[in-house]
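Source file model16.cif; content: mmCIF, C-alpha atoms.
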```cif
data_work
loop_
_atom_site.group_PDB
_atom_site.id
_atom_site.type_symbol
_atom_site.label_atom_id
_atom_site.label_comp_id
_atom_site.auth_asym_id
_atom_site.auth_seq_id
_atom_site.Cartn_x
_atom_site.Cartn_y
_atom_site.Cartn_z
ATOM 1 C CA MET Q 1 326.060 53.946 -78.363
ATOM 2 C CA ASP Q 2 326.506 50.507 -76.774
ATOM 3 C CA PHE Q 3 323.564 48.620 -75.286
ATOM 4 C CA LEU Q 4 324.074 46.627 -72.067
ATOM 5 C CA ARG Q 5 321.472 44.062 -71.049
ATOM 6 C CA PRO Q 6 322.308 42.428 -67.683
ATOM 7 C CA ALA Q 7 320.320 39.349 -66.728
ATOM 8 C CA SER Q 8 320.647 39.788 -62.963
ATOM 9 C CA TRP Q 9 321.091 42.498 -60.384
ATOM 10 C CA GLU Q 10 324.673 41.411 -59.772
ATOM 11 C CA GLU Q 11 325.446 41.705 -63.492
ATOM 12 C CA ALA Q 12 323.871 45.172 -63.530
ATOM 13 C CA LEU Q 13 326.049 46.371 -60.652
ATOM 14 C CA ALA Q 14 329.163 44.933 -62.282
ATOM 15 C CA ALA Q 15 328.309 46.643 -65.569
ATOM 16 C CA LYS Q 16 327.690 49.955 -63.814
ATOM 17 C CA ALA Q 17 331.035 49.659 -62.009
ATOM 18 C CA GLU Q 18 332.785 49.024 -65.331
ATOM 19 C CA HIS Q 19 330.847 51.761 -67.155
ATOM 20 C CA PRO Q 20 329.964 54.474 -64.590
ATOM 21 C CA THR Q 21 328.501 56.756 -67.269
ATOM 22 C CA ALA Q 22 326.048 54.082 -68.443
ATOM 23 C CA VAL Q 23 322.452 55.358 -68.276
ATOM 24 C CA PRO Q 24 319.985 52.837 -66.842
ATOM 25 C CA ILE Q 25 316.716 52.413 -68.687
ATOM 26 C CA ALA Q 26 313.607 50.513 -67.578
ATOM 27 C CA GLY Q 27 310.413 52.306 -68.577
ATOM 28 C CA GLY Q 28 312.399 54.744 -70.696
ATOM 29 C CA THR Q 29 309.743 57.429 -70.372
ATOM 30 C CA ASP Q 30 312.309 60.082 -69.384
ATOM 31 C CA VAL Q 31 315.502 58.784 -70.977
ATOM 32 C CA MET Q 32 314.103 58.208 -74.469
ATOM 33 C CA VAL Q 33 312.643 61.707 -74.619
ATOM 34 C CA GLU Q 34 316.063 63.182 -73.896
ATOM 35 C CA ILE Q 35 317.724 60.917 -76.455
ATOM 36 C CA ASN Q 36 315.090 61.612 -79.115
ATOM 37 C CA PHE Q 37 315.560 65.366 -78.701
ATOM 38 C CA ASP Q 38 319.341 64.906 -78.679
ATOM 39 C CA HIS Q 39 319.595 66.370 -75.174
ATOM 40 C CA ARG Q 40 321.613 63.356 -74.093
ATOM 41 C CA ARG Q 41 323.849 60.978 -76.019
ATOM 42 C CA PRO Q 42 325.295 58.447 -73.545
ATOM 43 C CA ASP Q 43 328.041 56.040 -74.515
ATOM 44 C CA HIS Q 44 326.122 53.168 -72.923
ATOM 45 C CA LEU Q 45 322.479 52.394 -72.225
ATOM 46 C CA MET Q 46 321.768 49.729 -69.614
ATOM 47 C CA ASP Q 47 318.450 47.899 -70.017
ATOM 48 C CA LEU Q 48 317.178 46.718 -66.611
ATOM 49 C CA ASN Q 49 313.981 45.051 -67.800
ATOM 50 C CA ARG Q 50 315.309 41.501 -67.407
ATOM 51 C CA ILE Q 51 315.738 42.016 -63.651
ATOM 52 C CA GLY Q 52 312.369 40.942 -62.283
ATOM 53 C CA GLU Q 53 312.934 41.989 -58.671
ATOM 54 C CA LEU Q 54 312.932 45.647 -59.682
ATOM 55 C CA SER Q 55 309.239 45.320 -60.599
ATOM 56 C CA GLU Q 56 308.222 43.824 -57.242
ATOM 57 C CA TRP Q 57 307.084 45.413 -53.988
ATOM 58 C CA GLN Q 58 306.753 44.246 -50.396
ATOM 59 C CA VAL Q 59 304.397 45.679 -47.787
ATOM 60 C CA GLY Q 60 305.919 45.556 -44.305
ATOM 61 C CA PRO Q 61 304.555 46.538 -40.909
ATOM 62 C CA ASP Q 62 305.664 50.170 -41.248
ATOM 63 C CA THR Q 63 306.976 50.684 -44.774
ATOM 64 C CA VAL Q 64 306.492 49.666 -48.385
ATOM 65 C CA ARG Q 65 309.571 48.591 -50.291
ATOM 66 C CA LEU Q 66 308.861 49.638 -53.855
ATOM 67 C CA GLY Q 67 311.117 48.203 -56.552
ATOM 68 C CA ALA Q 68 312.645 50.864 -58.772
ATOM 69 C CA SER Q 69 310.748 49.654 -61.858
ATOM 70 C CA VAL Q 70 307.286 49.169 -60.317
ATOM 71 C CA PRO Q 71 305.026 51.073 -62.742
ATOM 72 C CA TYR Q 72 302.738 53.861 -61.623
ATOM 73 C CA SER Q 73 299.718 51.814 -62.666
ATOM 74 C CA ASP Q 74 300.580 49.162 -60.053
ATOM 75 C CA VAL Q 75 300.879 51.815 -57.351
ATOM 76 C CA MET Q 76 297.444 53.106 -58.320
ATOM 77 C CA GLU Q 77 295.860 49.653 -58.382
ATOM 78 C CA HIS Q 78 297.534 47.844 -55.502
ATOM 79 C CA LEU Q 79 299.003 50.385 -53.068
ATOM 80 C CA ARG Q 80 296.338 53.055 -52.788
ATOM 81 C CA ALA Q 81 295.690 52.315 -49.094
ATOM 82 C CA GLU Q 82 299.351 52.175 -48.071
ATOM 83 C CA LEU Q 83 300.623 55.025 -50.270
ATOM 84 C CA PRO Q 84 297.640 57.290 -51.001
ATOM 85 C CA GLY Q 85 299.685 60.384 -51.820
ATOM 86 C CA LEU Q 86 301.877 58.538 -54.313
ATOM 87 C CA ALA Q 87 298.809 56.864 -55.823
ATOM 88 C CA LEU Q 88 297.211 60.283 -56.380
ATOM 89 C CA ALA Q 89 300.435 61.572 -57.912
ATOM 90 C CA SER Q 90 300.587 58.509 -60.163
ATOM 91 C CA HIS Q 91 297.150 59.387 -61.551
ATOM 92 C CA THR Q 92 298.556 62.652 -62.892
ATOM 93 C CA VAL Q 93 301.445 61.054 -64.788
ATOM 94 C CA ALA Q 94 301.048 61.491 -68.530
ATOM 95 C CA SER Q 95 298.860 58.809 -70.157
ATOM 96 C CA PRO Q 96 297.867 55.190 -69.384
ATOM 97 C CA GLN Q 97 300.667 53.974 -71.647
ATOM 98 C CA ILE Q 98 303.271 55.974 -69.731
ATOM 99 C CA ARG Q 99 301.806 54.930 -66.358
ATOM 100 C CA ASN Q 100 302.149 51.306 -67.431
ATOM 101 C CA ARG Q 101 305.854 51.772 -68.184
ATOM 102 C CA GLY Q 102 307.238 54.568 -66.021
ATOM 103 C CA GLY Q 103 308.169 54.124 -62.376
ATOM 104 C CA VAL Q 104 309.380 55.988 -59.322
ATOM 105 C CA GLY Q 105 312.983 54.810 -59.805
ATOM 106 C CA GLY Q 106 313.183 56.589 -63.143
ATOM 107 C CA ASN Q 107 311.671 59.748 -61.667
ATOM 108 C CA LEU Q 108 314.315 59.703 -58.949
ATOM 109 C CA GLY Q 109 317.149 58.950 -61.336
ATOM 110 C CA THR Q 110 316.211 61.843 -63.601
ATOM 111 C CA ALA Q 111 315.689 64.080 -60.536
ATOM 112 C CA SER Q 112 313.776 66.680 -62.518
ATOM 113 C CA PRO Q 113 312.186 69.274 -60.225
ATOM 114 C CA ALA Q 114 308.964 68.671 -62.183
ATOM 115 C CA GLY Q 115 308.886 64.904 -61.541
ATOM 116 C CA ASP Q 116 305.402 63.970 -60.394
ATOM 117 C CA ALA Q 117 306.446 61.482 -57.689
ATOM 118 C CA HIS Q 118 308.777 63.796 -55.757
ATOM 119 C CA PRO Q 119 306.272 65.848 -53.701
ATOM 120 C CA ALA Q 120 304.500 62.689 -52.559
ATOM 121 C CA LEU Q 121 307.774 61.000 -51.597
ATOM 122 C CA LEU Q 122 308.886 64.053 -49.622
ATOM 123 C CA ALA Q 123 305.553 64.345 -47.827
ATOM 124 C CA ALA Q 124 305.300 60.639 -46.987
ATOM 125 C CA GLY Q 125 308.898 60.308 -45.868
ATOM 126 C CA ALA Q 126 310.969 57.957 -48.029
ATOM 127 C CA GLU Q 127 314.440 56.514 -48.338
ATOM 128 C CA VAL Q 128 316.184 55.553 -51.564
ATOM 129 C CA GLU Q 129 317.970 52.193 -51.581
ATOM 130 C CA ALA Q 130 321.115 52.702 -53.655
ATOM 131 C CA ALA Q 131 323.484 49.849 -54.444
ATOM 132 C CA SER Q 132 326.833 49.253 -56.079
ATOM 133 C CA VAL Q 133 329.464 46.528 -56.034
ATOM 134 C CA ARG Q 134 330.710 48.280 -52.875
ATOM 135 C CA GLY Q 135 327.479 47.644 -50.986
ATOM 136 C CA THR Q 136 324.061 49.138 -50.281
ATOM 137 C CA ARG Q 137 323.128 52.375 -48.561
ATOM 138 C CA MET Q 138 319.895 54.178 -47.690
ATOM 139 C CA ILE Q 139 319.591 57.829 -48.739
ATOM 140 C CA PRO Q 140 316.893 59.893 -46.967
ATOM 141 C CA ILE Q 141 314.666 61.577 -49.523
ATOM 142 C CA ASP Q 142 315.489 64.996 -48.048
ATOM 143 C CA ASP Q 143 319.151 64.439 -48.951
ATOM 144 C CA PHE Q 144 318.604 62.869 -52.360
ATOM 145 C CA TYR Q 145 318.090 65.944 -54.563
ATOM 146 C CA THR Q 146 321.315 67.901 -54.928
ATOM 147 C CA GLY Q 147 320.600 70.257 -57.849
ATOM 148 C CA VAL Q 148 318.718 70.673 -61.102
ATOM 149 C CA LYS Q 149 318.433 67.112 -62.424
ATOM 150 C CA ARG Q 150 321.173 65.999 -60.032
ATOM 151 C CA ASN Q 151 320.957 63.493 -57.225
ATOM 152 C CA ALA Q 152 323.089 61.954 -54.499
ATOM 153 C CA LEU Q 153 323.904 58.735 -56.370
ATOM 154 C CA ALA Q 154 327.568 57.886 -56.855
ATOM 155 C CA PRO Q 155 328.620 57.181 -60.461
ATOM 156 C CA ASP Q 156 328.677 53.419 -59.849
ATOM 157 C CA GLU Q 157 325.345 53.243 -58.002
ATOM 158 C CA LEU Q 158 321.915 52.151 -59.182
ATOM 159 C CA ILE Q 159 318.541 52.667 -57.503
ATOM 160 C CA ARG Q 160 317.257 49.288 -56.344
ATOM 161 C CA ALA Q 161 314.127 50.327 -54.446
ATOM 162 C CA VAL Q 162 312.374 53.096 -52.557
ATOM 163 C CA HIS Q 163 311.266 52.558 -48.951
ATOM 164 C CA ILE Q 164 308.186 54.644 -48.173
ATOM 165 C CA LYS Q 165 306.456 54.945 -44.814
ATOM 166 C CA LYS Q 166 302.940 53.538 -44.877
ATOM 167 C CA ALA Q 167 300.294 56.195 -44.430
ATOM 168 C CA ASP Q 168 299.203 56.652 -40.823
ATOM 169 C CA GLY Q 169 296.877 59.488 -41.805
ATOM 170 C CA PRO Q 170 295.361 61.244 -44.826
ATOM 171 C CA GLN Q 171 297.538 62.333 -47.735
ATOM 172 C CA GLN Q 172 296.779 64.563 -50.700
ATOM 173 C CA TYR Q 173 298.440 65.686 -53.920
ATOM 174 C CA SER Q 174 297.696 68.555 -56.302
ATOM 175 C CA LYS Q 175 299.224 69.460 -59.634
ATOM 176 C CA VAL Q 176 298.784 72.442 -61.924
ATOM 177 C CA GLY Q 177 299.350 71.880 -65.626
ATOM 178 C CA THR Q 178 298.578 73.642 -68.873
ATOM 179 C CA ARG Q 179 296.045 70.916 -69.664
ATOM 180 C CA ASN Q 180 294.528 67.861 -67.954
ATOM 181 C CA ALA Q 181 296.799 65.093 -69.282
ATOM 182 C CA MET Q 182 300.181 64.470 -70.943
ATOM 183 C CA VAL Q 183 301.597 67.553 -69.288
ATOM 184 C CA ILE Q 184 304.661 68.533 -67.275
ATOM 185 C CA ALA Q 185 303.728 70.152 -63.970
ATOM 186 C CA VAL Q 186 303.707 73.918 -63.786
ATOM 187 C CA CYS Q 187 303.878 73.245 -60.049
ATOM 188 C CA ALA Q 188 302.744 70.515 -57.664
ATOM 189 C CA PHE Q 189 302.152 70.093 -53.939
ATOM 190 C CA GLY Q 190 301.955 67.061 -51.671
ATOM 191 C CA LEU Q 191 300.755 66.969 -48.066
ATOM 192 C CA ALA Q 192 300.701 64.151 -45.532
ATOM 193 C CA LEU Q 193 299.302 64.135 -42.011
ATOM 194 C CA HIS Q 194 301.154 61.894 -39.581
ATOM 195 C CA PRO Q 195 298.881 61.560 -36.527
ATOM 196 C CA ASP Q 196 301.174 58.975 -34.904
ATOM 197 C CA THR Q 197 303.849 61.650 -34.470
ATOM 198 C CA ARG Q 198 301.465 64.613 -34.664
ATOM 199 C CA THR Q 199 303.395 66.102 -37.533
ATOM 200 C CA VAL Q 200 302.730 67.315 -41.050
ATOM 201 C CA ARG Q 201 305.075 66.915 -44.020
ATOM 202 C CA THR Q 202 304.939 68.634 -47.383
ATOM 203 C CA GLY Q 203 306.509 68.359 -50.816
ATOM 204 C CA ILE Q 204 306.721 70.965 -53.585
ATOM 205 C CA GLY Q 205 307.479 70.209 -57.217
ATOM 206 C CA SER Q 206 308.442 72.399 -60.181
ATOM 207 C CA ALA Q 207 308.760 75.559 -58.089
ATOM 208 C CA ALA Q 208 312.454 75.472 -57.137
ATOM 209 C CA PRO Q 209 315.701 74.082 -58.593
ATOM 210 C CA THR Q 210 314.951 70.813 -56.787
ATOM 211 C CA PRO Q 211 311.868 69.267 -55.197
ATOM 212 C CA VAL Q 212 311.646 70.789 -51.715
ATOM 213 C CA ARG Q 213 309.702 70.685 -48.483
ATOM 214 C CA ALA Q 214 308.014 73.773 -47.058
ATOM 215 C CA LYS Q 215 309.708 73.349 -43.689
ATOM 216 C CA ALA Q 216 308.746 76.735 -42.236
ATOM 217 C CA ALA Q 217 305.120 76.012 -43.123
ATOM 218 C CA GLU Q 218 305.392 72.581 -41.532
ATOM 219 C CA ASP Q 219 306.893 73.985 -38.341
ATOM 220 C CA PHE Q 220 304.188 76.630 -38.088
ATOM 221 C CA LEU Q 221 301.364 74.170 -38.660
ATOM 222 C CA ASN Q 222 302.813 71.574 -36.298
ATOM 223 C CA ALA Q 223 302.953 74.187 -33.543
ATOM 224 C CA ALA Q 224 299.492 75.558 -34.311
ATOM 225 C CA LEU Q 225 297.855 72.127 -34.301
ATOM 226 C CA GLU Q 226 299.568 71.156 -31.044
ATOM 227 C CA GLU Q 227 298.967 74.401 -29.195
ATOM 228 C CA GLY Q 228 295.356 74.600 -30.344
ATOM 229 C CA GLY Q 229 294.580 71.014 -29.380
ATOM 230 C CA PHE Q 230 293.447 70.244 -32.925
ATOM 231 C CA TRP Q 231 294.765 66.681 -32.975
ATOM 232 C CA GLU Q 232 292.678 65.714 -29.931
ATOM 233 C CA SER Q 233 289.535 67.690 -30.723
ATOM 234 C CA GLY Q 234 289.472 67.265 -34.490
ATOM 235 C CA LYS Q 235 287.970 70.748 -34.730
ATOM 236 C CA ILE Q 236 288.059 72.707 -37.965
ATOM 237 C CA ILE Q 237 291.332 74.489 -38.665
ATOM 238 C CA THR Q 238 290.784 78.229 -38.461
ATOM 239 C CA PRO Q 239 291.082 80.309 -41.651
ATOM 240 C CA SER Q 240 293.938 82.334 -40.156
ATOM 241 C CA VAL Q 241 296.013 79.178 -39.579
ATOM 242 C CA ALA Q 242 295.274 77.885 -43.083
ATOM 243 C CA LYS Q 243 296.154 81.277 -44.598
ATOM 244 C CA GLN Q 244 299.476 81.493 -42.760
ATOM 245 C CA PHE Q 245 300.347 77.930 -43.729
ATOM 246 C CA ALA Q 246 299.628 78.748 -47.384
ATOM 247 C CA GLN Q 247 301.744 81.900 -47.288
ATOM 248 C CA LEU Q 248 304.684 80.063 -45.745
ATOM 249 C CA ALA Q 249 304.372 77.256 -48.301
ATOM 250 C CA ALA Q 250 304.462 79.795 -51.136
ATOM 251 C CA GLY Q 251 307.495 81.370 -49.478
ATOM 252 C CA ALA Q 252 309.373 78.071 -49.699
ATOM 253 C CA CYS Q 253 309.355 78.323 -53.501
ATOM 254 C CA ASN Q 254 312.245 79.596 -55.596
ATOM 255 C CA PRO Q 255 310.724 79.333 -59.069
ATOM 256 C CA ILE Q 256 311.647 80.600 -62.508
ATOM 257 C CA ASP Q 257 309.733 82.065 -65.434
ATOM 258 C CA ASP Q 258 309.455 79.642 -68.335
ATOM 259 C CA VAL Q 259 307.083 78.686 -71.139
ATOM 260 C CA ARG Q 260 304.796 76.842 -68.714
ATOM 261 C CA GLY Q 261 304.306 79.640 -66.190
ATOM 262 C CA THR Q 262 305.770 82.641 -64.437
ATOM 263 C CA ALA Q 263 307.525 82.558 -61.096
ATOM 264 C CA ALA Q 264 304.806 84.719 -59.571
ATOM 265 C CA TYR Q 265 302.100 82.361 -60.793
ATOM 266 C CA ARG Q 266 303.922 79.336 -59.395
ATOM 267 C CA ARG Q 267 304.216 80.918 -55.952
ATOM 268 C CA HIS Q 268 300.548 81.871 -56.003
ATOM 269 C CA ALA Q 269 299.449 78.425 -57.164
ATOM 270 C CA VAL Q 270 301.539 76.623 -54.516
ATOM 271 C CA GLY Q 271 299.873 78.739 -51.828
ATOM 272 C CA ILE Q 272 296.432 77.861 -53.154
ATOM 273 C CA MET Q 273 297.280 74.155 -53.351
ATOM 274 C CA ALA Q 274 298.722 74.204 -49.833
ATOM 275 C CA ARG Q 275 295.545 75.690 -48.398
ATOM 276 C CA ARG Q 276 293.273 73.325 -50.320
ATOM 277 C CA THR Q 277 295.209 70.145 -49.588
ATOM 278 C CA LEU Q 278 295.314 71.089 -45.912
ATOM 279 C CA GLY Q 279 291.543 71.442 -45.945
ATOM 280 C CA TRP Q 280 291.049 68.124 -47.718
ATOM 281 C CA THR Q 281 293.392 66.131 -45.517
ATOM 282 C CA TRP Q 282 292.069 67.644 -42.305
ATOM 283 C CA GLU Q 283 288.467 66.879 -43.289
ATOM 284 C CA GLN Q 284 289.525 63.280 -43.901
ATOM 285 C CA TYR Q 285 291.181 63.202 -40.484
ATOM 286 C CA ARG Q 286 288.110 64.673 -38.789
ATOM 287 C CA GLY Q 287 285.860 62.226 -40.621
ATOM 288 C CA ALA Q 288 287.970 59.266 -39.522
ATOM 289 C CA GLY Q 289 287.831 60.539 -35.930
ATOM 290 C CA ARG Q 290 284.060 60.835 -35.998
ATOM 291 C CA THR Q 291 283.805 57.319 -37.417
ATOM 292 C CA LEU Q 292 285.972 55.910 -34.638
ATOM 293 C CA GLU Q 293 283.992 57.774 -31.979
ATOM 294 C CA GLY Q 294 280.741 56.425 -33.416
ATOM 295 C CA ALA Q 295 282.098 52.874 -33.440
ATOM 296 C CA ALA Q 296 283.153 53.207 -29.806
#
```
Rewritten as structure tokens:
Amino acid sequence: MDFLRPASWEEALAAKAEHPTAVPIAGGTDVMVEINFDHRRPDHLMDLNRIGELSEWQVGPDTVRLGASVPYSDVMEHLRAELPGLALASHTVASPQIRNRGGVGGNLGTASPAGDAHPALLAAGAEVEAASVRGTRMIPIDDFYTGVKRNALAPDELIRAVHIKKADGPQQYSKVGTRNAMVIAVCAFGLALHPDTRTVRTGIGSAAPTPVRAKAAEDFLNAALEEGGFWESGKIITPSVAKQFAQLAAGACNPIDDVRGTAAYRRHAVGIMARRTLGWTWEQYRGAGRTLEGAA
């Protein structure tokens, strides 16, 4: 196994063009596990840790540009207001040591359906900035996952950054695991309210071959909130609406039985998480509305 260590982004792209099968490594929290268990034996490893820009982020008017190697701990500490769903997801990642090393770029590159960041990225609405010597392109997060541990990157492309819409409303994230830490998700669910567009987005992890959105559940809830005047009134969502949303979210799953849980349990748990996160986010939205009314 050869070890490549580019000193700049340009060198990294050139190396990837010359060695398309080279596996990039930054935090190494996914790659090294696969290598240690002999699940992967690449011809080349490409260390990206000398490229400082990958560990930087910029907060713009509407989006956050998150470098591929920004660790989860930085998201938790510095971007909680802008990216609350991703910050909550980051809290569930393994241990403090892993959170200090691992980043969203690695999660995306591995594209495991159980990756903790995926539901939050789907719910928030994100784009992946992929680059090669041929140029740069933006891949919508909905188009990024193409199969079990497969993504839309070309062989000569590297993930440079992730562009995530800043929260314009409450966001939540839930994860079920076999214990409270250092655990792969049995299933996970992310939810984001977008009051600016009066829409809701979701993300489901570890309950289908790829991370997915519960689009039928979103469509139902969007219609119910609009037709019922919930956005304007801020009234409590009725139990029947919450129940239907949960059932449709569970229906979006296509899980398997494995050592961490059965398919039936995953569907059930996703429905429970959908109902609970809807309740939490809507209470936050109602609370913010009452605060604004009081200030006025």
| message | What would the selection look like, as a list in words, if the PyMOL selection byres ((chain Q and resi 159) around 6) were run on the coordinates I just shared? | response |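 In the shown coordinates, the PyMOL selection byres ((chain Q and resi 159) around 6) covers Glu129, Ala130, Leu158, Arg160 and Ala161 of chain Q.
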| field | region 196-208 of chain Q surroundings by all atoms listed in the file, 9 Å radius, close-in-sequence under 5 positions cut, as an MDAnalysis selection string | value | chainID Q and resid 112:125 148 168:169 175 184:191 213:215 217:219 221:222 225:226 231 249 252:256 263 266:267 270 274
| query | So which residues get picked by the PyMOL selection byres ((chain Q and resi 67-81) around 10) here, written as number ranges by chain? | reply | Q: 25-27, 48-49, 51-59, 64-66, 82-93, 96-109, 117, 128-129, 158-163, 166-168, 170
What would the file look like if the residues just selected were written as a compact mmCIF listing (two decimals), keeping the file's coordinate frame with C-alpha atoms?
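Dumped to again.txt:
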```txt
# COMPACT_ATOMS: atom_id res chain seq x y z
CA ILE Q 25 316.72 52.41 -68.69
CA ALA Q 26 313.61 50.51 -67.58
CA GLY Q 27 310.41 52.31 -68.58
CA LEU Q 48 317.18 46.72 -66.61
CA ASN Q 49 313.98 45.05 -67.80
CA ILE Q 51 315.74 42.02 -63.65
CA GLY Q 52 312.37 40.94 -62.28
CA GLU Q 53 312.93 41.99 -58.67
CA LEU Q 54 312.93 45.65 -59.68
CA SER Q 55 309.24 45.32 -60.60
CA GLU Q 56 308.22 43.82 -57.24
CA TRP Q 57 307.08 45.41 -53.99
CA GLN Q 58 306.75 44.25 -50.40
CA VAL Q 59 304.40 45.68 -47.79
CA VAL Q 64 306.49 49.67 -48.38
CA ARG Q 65 309.57 48.59 -50.29
CA LEU Q 66 308.86 49.64 -53.86
CA GLU Q 82 299.35 52.18 -48.07
CA LEU Q 83 300.62 55.02 -50.27
CA PRO Q 84 297.64 57.29 -51.00
CA GLY Q 85 299.68 60.38 -51.82
CA LEU Q 86 301.88 58.54 -54.31
CA ALA Q 87 298.81 56.86 -55.82
CA LEU Q 88 297.21 60.28 -56.38
CA ALA Q 89 300.44 61.57 -57.91
CA SER Q 90 300.59 58.51 -60.16
CA HIS Q 91 297.15 59.39 -61.55
CA THR Q 92 298.56 62.65 -62.89
CA VAL Q 93 301.44 61.05 -64.79
CA PRO Q 96 297.87 55.19 -69.38
CA GLN Q 97 300.67 53.97 -71.65
CA ILE Q 98 303.27 55.97 -69.73
CA ARG Q 99 301.81 54.93 -66.36
CA ASN Q 100 302.15 51.31 -67.43
CA ARG Q 101 305.85 51.77 -68.18
CA GLY Q 102 307.24 54.57 -66.02
CA GLY Q 103 308.17 54.12 -62.38
CA VAL Q 104 309.38 55.99 -59.32
CA GLY Q 105 312.98 54.81 -59.80
CA GLY Q 106 313.18 56.59 -63.14
CA ASN Q 107 311.67 59.75 -61.67
CA LEU Q 108 314.32 59.70 -58.95
CA GLY Q 109 317.15 58.95 -61.34
CA ALA Q 117 306.45 61.48 -57.69
CA VAL Q 128 316.18 55.55 -51.56
CA GLU Q 129 317.97 52.19 -51.58
CA LEU Q 158 321.92 52.15 -59.18
CA ILE Q 159 318.54 52.67 -57.50
CA ARG Q 160 317.26 49.29 -56.34
CA ALA Q 161 314.13 50.33 -54.45
CA VAL Q 162 312.37 53.10 -52.56
CA HIS Q 163 311.27 52.56 -48.95
CA LYS Q 166 302.94 53.54 -44.88
CA ALA Q 167 300.29 56.20 -44.43
CA ASP Q 168 299.20 56.65 -40.82
CA PRO Q 170 295.36 61.24 -44.83
```
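Of the listed residues (Q:Leu4, Q:His19, Q:Ala14, Q:Gly147), Q:Leu4 comes nearest to Leu45 (chain Q); the distances count all atoms listed in the file.
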| query | Which residue gives the smallest distance to Asp30 (chain Q) among Q:Pro239, Q:Ala7, Q:Asp47, Q:Ala111, with only C-alpha atoms counted? | reply |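 Under the stated criterion, the closest residue is Q:Ala111.
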| message | as a list in words, please: the residues near Asp156 (chain Q) (cut-off 6 Å, all atoms listed in the file, same-chain neighbours under 4 positions excluded). | response |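 That gives Lys16, Ala17, Pro20 and Ser132 of chain Q.
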| task | Rank Q:Asp258, Q:Glu227, Q:Met182, Q:Met46 by their smallest atom-to-atom distance to Ala94 (chain Q), using all atoms listed in the file, and report the top residue only. | result |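 That would be Q:Met182, the residue with the smallest distance to Ala94 (chain Q).
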| request: Give me the residues within 10 Å of region 281-290 of chain Q as number ranges by chain, counting all atoms listed in the file and dropping any in the same chain fewer than 6 places off. | output: Q: 169-173, 191-193, 195, 230-237, 296
| field | Gap from CA of Asp257 (chain Q) to CA of Ala152 (chain Q) - Å, one decimal | value |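 Between these atoms lies a distance of 26.5 Å.
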If you take every atom of region 190-198 of chain Q that the file lists and fit an axis-aligned box around them with 3 Å extra on each side, what centre and edge lengths come out in Å to one decimal, as lines of an AutoDock Vina configuration file?
```
center_x = 301.4
center_y = 63.0
center_z = -43.1
size_x = 11.0
size_y = 14.1
size_z = 23.2
```
| said: One number please: CA of Val259 (chain Q) to CA of Arg179 (chain Q), in Å, one decimal. | reply: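 CA of Arg179 (chain Q) lies at a distance of 13.6 Å from CA of Val259 (chain Q).
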| query | So which one's closest to Thr210 (chain Q), Q:Ile164, Q:Ile141, Q:Val133, Q:Ile272? Using only C-alpha atoms, please. | reply |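 Answer, going by the shortest atom-to-atom distance: Q:Ile141.
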| field | Within 8 Å of Ala224 (chain Q) using only C-alpha atoms, minus same-chain residues under 4 positions, as a PyMOL selection string | value | chain Q and resi 220+228+241
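As for CA of Trp280 (chain Q) and CA of Tyr145 (chain Q), they are spaced 28.0 Å apart.
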